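Enquirer: Starting off with a structure, shown below.
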Amino acid sequence: MRRRHKTLGVIETQSLTYTYPGGNKPSLRDVSLTIEKGEFVILTGPSGCGKTTLCRCSNGLIPHFYGGELKGELKVAGLNVSEHPIYEMAKRVGLVFQNPENQLFALSVEKDVAFGLENLSMPRDDMRKRVDWALQITDIEELRERAPHELSGGQQQRVAISSVLAMQPEIMIFDEPTSFLDPLGAQKIFEVINDLKNKLGVTVILVEHRLDLAARYADHVIIMDEGKIVLDGEPREIFNSETAWLLGVGVPKAVRLWHLLQENGLVLEGTPVSSEEATRFLREVLKR
Amino acid sequence: MIEVRDVYFTYPTGVEALKGVSLTIGDGEFVAVMGQNGAGKTTLVKHFNGLLKPARGEVLVDGVSTRDMSVAKLARKVGFVFQNPDHQLFCETVEEEIAFGLRNFGFEAATVEKRVDWALNLLDLTEYRKTSPFMLSGGERKRVALASVLAWDPKAVILDEPTIGQDHRQKENLRQFIVQLNGQGKTVVVVTHDVEFVAECNPRVVLMSEGKIVAEGEAKKTLTDTTLTLAASIVPPQITQIFLGLTDFGLPIDVIDVSEAKRILLDYFEGMKR
């Protein structure tokens, strides 16, 4: 399953193949994809399928930091990543790592969030405003003076998200950003990210296993397995695909329920990807 | 088997993590402790094997206060699997890792060997016997941590956030494994905020908020009560959320399972036809 594209992508790869230094097989194999500006993309697939590697390519950590062998084409925000150093890519692409401990290093939360902005030489007053805003929307204002390494996993994740949001890059990549957060906290973070996408036209890539929580925000779903892209398309189309089910992807419960009802002879239209949609669709059927 | 009586606990930093918690966990029970970040879940379960001792109140394990037993003795009964396996693993090979605890508890060499084989097999790790735990993936390391605890066959096992970083299939394997362990009579306590995982396991649920237990009971009742879930900063399972919007059709809201949801809806449609 391949998508047809209307416009040039903000991220485009063509036959991208990558092997880590010392690796005996490629972690990405012949990856060709297009992500359009302003899309909310969910990237998922079994552990070790290459999701994180693809994220690292998108902001230049691969090949500039990790080394290894990169073949094929990789263009992000119009730039050929191999030719532009990480500091240039970082202005355009923000990446929230899977493990926040690997990302935070400053002596206070506030300094961590301000770090990227200092590097952009943003005027002091603007910077203060931006940091306040980023701390506020991630709900960590009261942690401002605390040392990041003393915080809990969930709090650290909020700091890491806040640091990337503060930069307001045109592409934001989140690698399982809420794994340590309680469900209500995770939902609020997804809402914030989705809001930024709608208001600022930011392109969002979210790596996530818990599709019950995240599927509702997606415009585009990409599923990887063993370094390859196996599915790439509209959420509804993907969640109805047998391949996704066979791969053991966590297809949302709403879709599972829909399939079970259809298998039992109910004639239902559409595919609900969230509980709200399932409720709405069911109400219409129940009223008949 | 574990009895918590009006326990208070304050960390040296001044954070009051537990404020009067009482809870009884019976032999062979399966309990999920849920609640918001910082609610005191991990602090509570660390009292079960004596890693923490209460400031006030007491914790009894098989009738003996944890104050009167060494952590070594308690660990023999109550095994603890940490959230982050890297905080637990340190040996050079997976085999050594699993043997370590057994030797510490003074098992004979022949028994150690047998138990190691058994645990490797149980968690599908035999091929990694001679591998360094640090060469393994996060999910595999979690299994090594679990194997090293199960090897000494504790009466109860506590798993702190076992589903973090696991993909959907690994989670399903873990669920089956836990249900099987519990079926063989082991007491299982899981600390988690993974609502869908709990909905599929169907344990007794203990909801915590700000150092206190705010509710306990069947998953079907606790996870579907929106006042309680809000207090504990969790969201009801997706299936429940669907049914919450259908109450005016006379449908129930205490539904957490996909198959049950299917049955209820099919029955309803069947009734409509008649």
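Residue numbers start at 1 in each chain; chains themselves are named A, B, ... in the order of the structure tokens; ligands are numbered from 1 in the order shown.
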Residues within 7 Å of range 206-222 of chain A, please, as a list in words. Count only C-alpha atoms; anything in the same chain fewer than 5 positions from it doesn't count.

Expert: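 These residues fall inside the cut-off: Glu39, Phe40, Val41, Ile42, Leu43, Thr44, Ile173, Phe174, Asp175, Glu176, Gln187, Asn194, Leu231, Asp232, Gly233, Glu234, Pro235, Gly250, Val251, Pro252, Lys253, Val273 and Ser274 of chain A; Asp167, His168 and Gln238 of chain B.
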
Enquirer: Could the residues in this selection be written to a file with C-alpha atoms, as a PDB file, in the first residue's frame?

Expert:
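Generated output (result25.pdb):
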```pdb
ATOM      1  CA  GLU A  39       0.616  16.411   8.617  1.00  0.00           C
ATOM      2  CA  PHE A  40       0.286  14.536  11.900  1.00  0.00           C
ATOM      3  CA  VAL A  41       2.004  11.228  11.237  1.00  0.00           C
ATOM      4  CA  ILE A  42       1.972   8.186  13.500  1.00  0.00           C
ATOM      5  CA  LEU A  43       4.957   5.918  12.958  1.00  0.00           C
ATOM      6  CA  THR A  44       4.584   2.489  14.503  1.00  0.00           C
ATOM      7  CA  ILE A 173       9.407  14.353  16.074  1.00  0.00           C
ATOM      8  CA  PHE A 174       8.333  12.589  19.260  1.00  0.00           C
ATOM      9  CA  ASP A 175       9.712   9.112  19.956  1.00  0.00           C
ATOM     10  CA  GLU A 176       7.280   7.537  22.463  1.00  0.00           C
ATOM     11  CA  GLN A 187      -3.732  12.762  26.551  1.00  0.00           C
ATOM     12  CA  ASN A 194      -2.180  18.568  17.952  1.00  0.00           C
ATOM     13  CA  LEU A 231       2.088   0.183   5.252  1.00  0.00           C
ATOM     14  CA  ASP A 232       1.803   3.880   4.472  1.00  0.00           C
ATOM     15  CA  GLY A 233      -1.545   5.616   4.182  1.00  0.00           C
ATOM     16  CA  GLU A 234      -4.721   6.995   5.738  1.00  0.00           C
ATOM     17  CA  PRO A 235      -5.395   5.773   9.303  1.00  0.00           C
ATOM     18  CA  GLY A 250      -2.059  -2.306  18.479  1.00  0.00           C
ATOM     19  CA  VAL A 251      -5.074  -1.523  16.299  1.00  0.00           C
ATOM     20  CA  PRO A 252      -7.420   0.699  18.392  1.00  0.00           C
ATOM     21  CA  LYS A 253     -10.162  -1.116  20.330  1.00  0.00           C
ATOM     22  CA  VAL A 273     -10.559   5.408  15.020  1.00  0.00           C
ATOM     23  CA  SER A 274     -11.561   6.958  18.349  1.00  0.00           C
TER      24      SER A 274
ATOM     25  CA  ASP B 167       5.236  -3.195  21.679  1.00  0.00           C
ATOM     26  CA  HIS B 168       1.726  -4.533  21.326  1.00  0.00           C
ATOM     27  CA  GLN B 238     -11.609   2.887  25.032  1.00  0.00           C
TER      28      GLN B 238
END
```

Enquirer: Using only C-alpha atoms, tabulate the residues of chain B lying at most 6 Å from any atom of chain A, each with its closest atom pair and that distance in Å to one decimal, by chain and increasing residue number, as CSV.

Expert:
```
residue,atom,partner,partner_atom,distance
B:Gln36,CA,A:Asp182,CA,5.3
B:Asn37,CA,A:Asp182,CA,5.9
B:Asp167,CA,A:Pro46,CA,5.7
B:His168,CA,A:Gly250,CA,5.2
B:Arg169,CA,A:Gly248,CA,5.5
B:His193,CA,A:Asp182,CA,5.5
B:Ser233,CA,A:Leu184,CA,5.2
B:Ile234,CA,A:Pro183,CA,4.9
B:Val235,CA,A:Pro183,CA,5.9
B:Gln238,CA,A:Ser275,CA,5.8
B:Gln241,CA,A:Ser275,CA,5.9
B:Ile242,CA,A:Ser275,CA,4.9
B:Gly245,CA,A:Thr279,CA,5.9
B:Val258,CA,A:Leu257,CA,5.8
```

Enquirer: Generate a file of the selected residues that holds C-alpha atoms, formatted as a PDB file, in the first residue's frame.

Expert:
```
ATOM      1  CA  GLN B  36      -1.297   9.496  38.546  1.00  0.00           C
ATOM      2  CA  ASN B  37       2.445  10.171  38.375  1.00  0.00           C
ATOM      3  CA  ASP B 167       5.236  -3.195  21.679  1.00  0.00           C
ATOM      4  CA  HIS B 168       1.726  -4.533  21.326  1.00  0.00           C
ATOM      5  CA  ARG B 169       2.714  -8.156  20.775  1.00  0.00           C
ATOM      6  CA  HIS B 193      -0.884   3.287  34.258  1.00  0.00           C
ATOM      7  CA  SER B 233      -5.571  10.775  36.485  1.00  0.00           C
ATOM      8  CA  ILE B 234      -6.352   7.815  34.280  1.00  0.00           C
ATOM      9  CA  VAL B 235      -8.836   7.573  31.443  1.00  0.00           C
ATOM     10  CA  GLN B 238     -11.609   2.887  25.032  1.00  0.00           C
ATOM     11  CA  GLN B 241     -15.580   5.459  26.655  1.00  0.00           C
ATOM     12  CA  ILE B 242     -17.703   4.253  23.758  1.00  0.00           C
ATOM     13  CA  GLY B 245     -21.978   7.856  25.215  1.00  0.00           C
ATOM     14  CA  VAL B 258     -14.113  -5.925  23.342  1.00  0.00           C
TER      15      VAL B 258
END
```

Enquirer: Per DSSP on the backbone, what are the strand (DSSP E or B) residues of range 74-172 of chain A, as an mmCIF file with C-alpha atoms, in the first residue's frame?

Expert:
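Below you can see selection.cif, which holds the result:
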```
data_model
loop_
_atom_site.group_PDB
_atom_site.id
_atom_site.type_symbol
_atom_site.label_atom_id
_atom_site.label_comp_id
_atom_site.auth_asym_id
_atom_site.auth_seq_id
_atom_site.Cartn_x
_atom_site.Cartn_y
_atom_site.Cartn_z
ATOM 1 C CA LEU A 74 17.073 11.940 2.287
ATOM 2 C CA LYS A 75 15.639 15.435 2.095
ATOM 3 C CA VAL A 76 14.211 17.234 5.106
ATOM 4 C CA LEU A 79 17.758 20.206 2.662
ATOM 5 C CA ASN A 80 19.847 17.207 1.780
ATOM 6 C CA VAL A 93 13.635 19.581 13.230
ATOM 7 C CA GLY A 94 13.036 19.068 16.952
ATOM 8 C CA LEU A 95 13.393 15.542 18.299
ATOM 9 C CA VAL A 96 12.098 14.304 21.658
ATOM 10 C CA ILE A 171 9.036 19.605 12.096
ATOM 11 C CA MET A 172 8.580 18.007 15.500
#
```

Enquirer: Report as a tab-separated table the residues of range 157-227 of chain B within 12 Å of range 39-63 of chain B, each with its shortest atom pair and distance in Å (one decimal), using only C-alpha atoms, ordered by chain and increasing residue number.

Expert:
```
residue	atom	partner	partner_atom	distance
B:Val157	CA	B:Asn49	CA	9.7
B:Ile158	CA	B:Val45	CA	7.4
B:Leu159	CA	B:Val45	CA	9.2
B:Asp160	CA	B:Thr42	CA	7.1
B:Glu161	CA	B:Thr42	CA	9.2
B:Thr187	CA	B:Phe48	CA	11.9
B:Val188	CA	B:Val45	CA	11.4
B:Val189	CA	B:Val45	CA	8.2
B:Val190	CA	B:Val45	CA	9.1
B:Val191	CA	B:Lys41	CA	6.6
B:Thr192	CA	B:Lys41	CA	8.6
B:His193	CA	B:Lys41	CA	10.0
B:Val206	CA	B:Lys41	CA	9.5
B:Leu207	CA	B:Lys41	CA	8.9
B:Met208	CA	B:Ala39	CA	5.9
B:Ser209	CA	B:Ala39	CA	4.7
B:Glu210	CA	B:Ala39	CA	4.6
B:Gly211	CA	B:Gly40	CA	5.1
B:Lys212	CA	B:Ala39	CA	7.6
B:Ile213	CA	B:Ala39	CA	9.1
B:Val214	CA	B:Ala39	CA	10.5
```

Enquirer: Would you work out the distance separating CA of Gln156 in chain A from CA of Pro100 in chain A, expressed in Å to one decimal?

Expert: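 These two atoms are separated by 5.8 Å.
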
Enquirer: Can you list, as JSON, numbers by chain, every residue of range 83-224 of chain B that DSSP puts in helix (DSSP H, G or I)?

Expert: {"B": [85, 86, 87, 94, 95, 96, 97, 98, 99, 100, 101, 102, 103, 104, 109, 110, 111, 112, 113, 114, 115, 116, 117, 118, 119, 120, 121, 122, 126, 127, 128, 133, 134, 135, 138, 139, 140, 141, 142, 143, 144, 145, 146, 147, 148, 149, 150, 168, 169, 170, 171, 172, 173, 174, 175, 176, 177, 178, 179, 180, 181, 182, 183, 195, 196, 197, 198, 199, 200, 201, 219, 220, 221, 222]}

Enquirer: Looking at A:Pro272, A:Gly201, A:Gly227, A:Pro26, which one is nearest to Cys49 in chain A, with distances taken over only C-alpha atoms?

Expert: A:Gly227

Enquirer: Tell me which protein, DNA and RNA residues are within 9 Å of Leu251 in chain B, counting only C-alpha atoms, leaving out same-chain ones fewer than 6 positions away, and put them as a PyMOL selection string.

Expert: chain B and resi 243-244+264-265+268

Enquirer: Please measure the separation of CA of Gly68 in chain A and CA of Thr19 in chain A, giving the value in Å to one decimal.

Expert: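 These two atoms are separated by 5.7 Å.
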
Enquirer: So, counting only C-alpha atoms, which residue among B:Glu200, B:Asp86, B:Glu16, B:Asp153 is closest to Arg175 in chain B?

Expert: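 Result for the nearest residue to Arg175 in chain B: B:Glu200.
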
Enquirer: Which residues are near Asp6 in chain B? Cut-off 6 Å, only C-alpha atoms, ignore same chain within fewer than 6 positions. Put them as a list in words.

Expert: Gly20, Val21, Ser22 and Gly57 of chain B

Enquirer: Set the distance at 12 Å and use only C-alpha atoms: which residues neighbour range 107-119 of chain B once local chain neighbours fewer than 6 positions away are removed? I'd like the list as JSON, numbers by chain.

Expert: {"B": [76, 94, 95, 96, 97, 98, 99, 100, 101, 125, 126, 127, 128, 129, 143, 144, 145, 146, 147, 148, 149, 150, 151, 152, 153]}

Enquirer: I want to know what sits within 9 Å of Gly38 in chain A, based on only C-alpha atoms, with residues of the same chain fewer than 2 positions away left out; could you give that as a list in words?

Expert: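 The contact residues come out as Val10, Ile35, Glu36, Phe40, Glu170, Ile171, Lys197, Asn198, Leu200, Gly201, Val202, Thr203 and Val204 of chain A.
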
Enquirer: Which residues, written as a ChimeraX atom specification, have at least one atom at most 8 Å from range 108-117 of chain A, with only C-alpha atoms counted and residues fewer than 3 positions away on the same chain left out?

Expert: /A:104-105,120-122,127,131,134,143-148,159-160,162-164,166-167
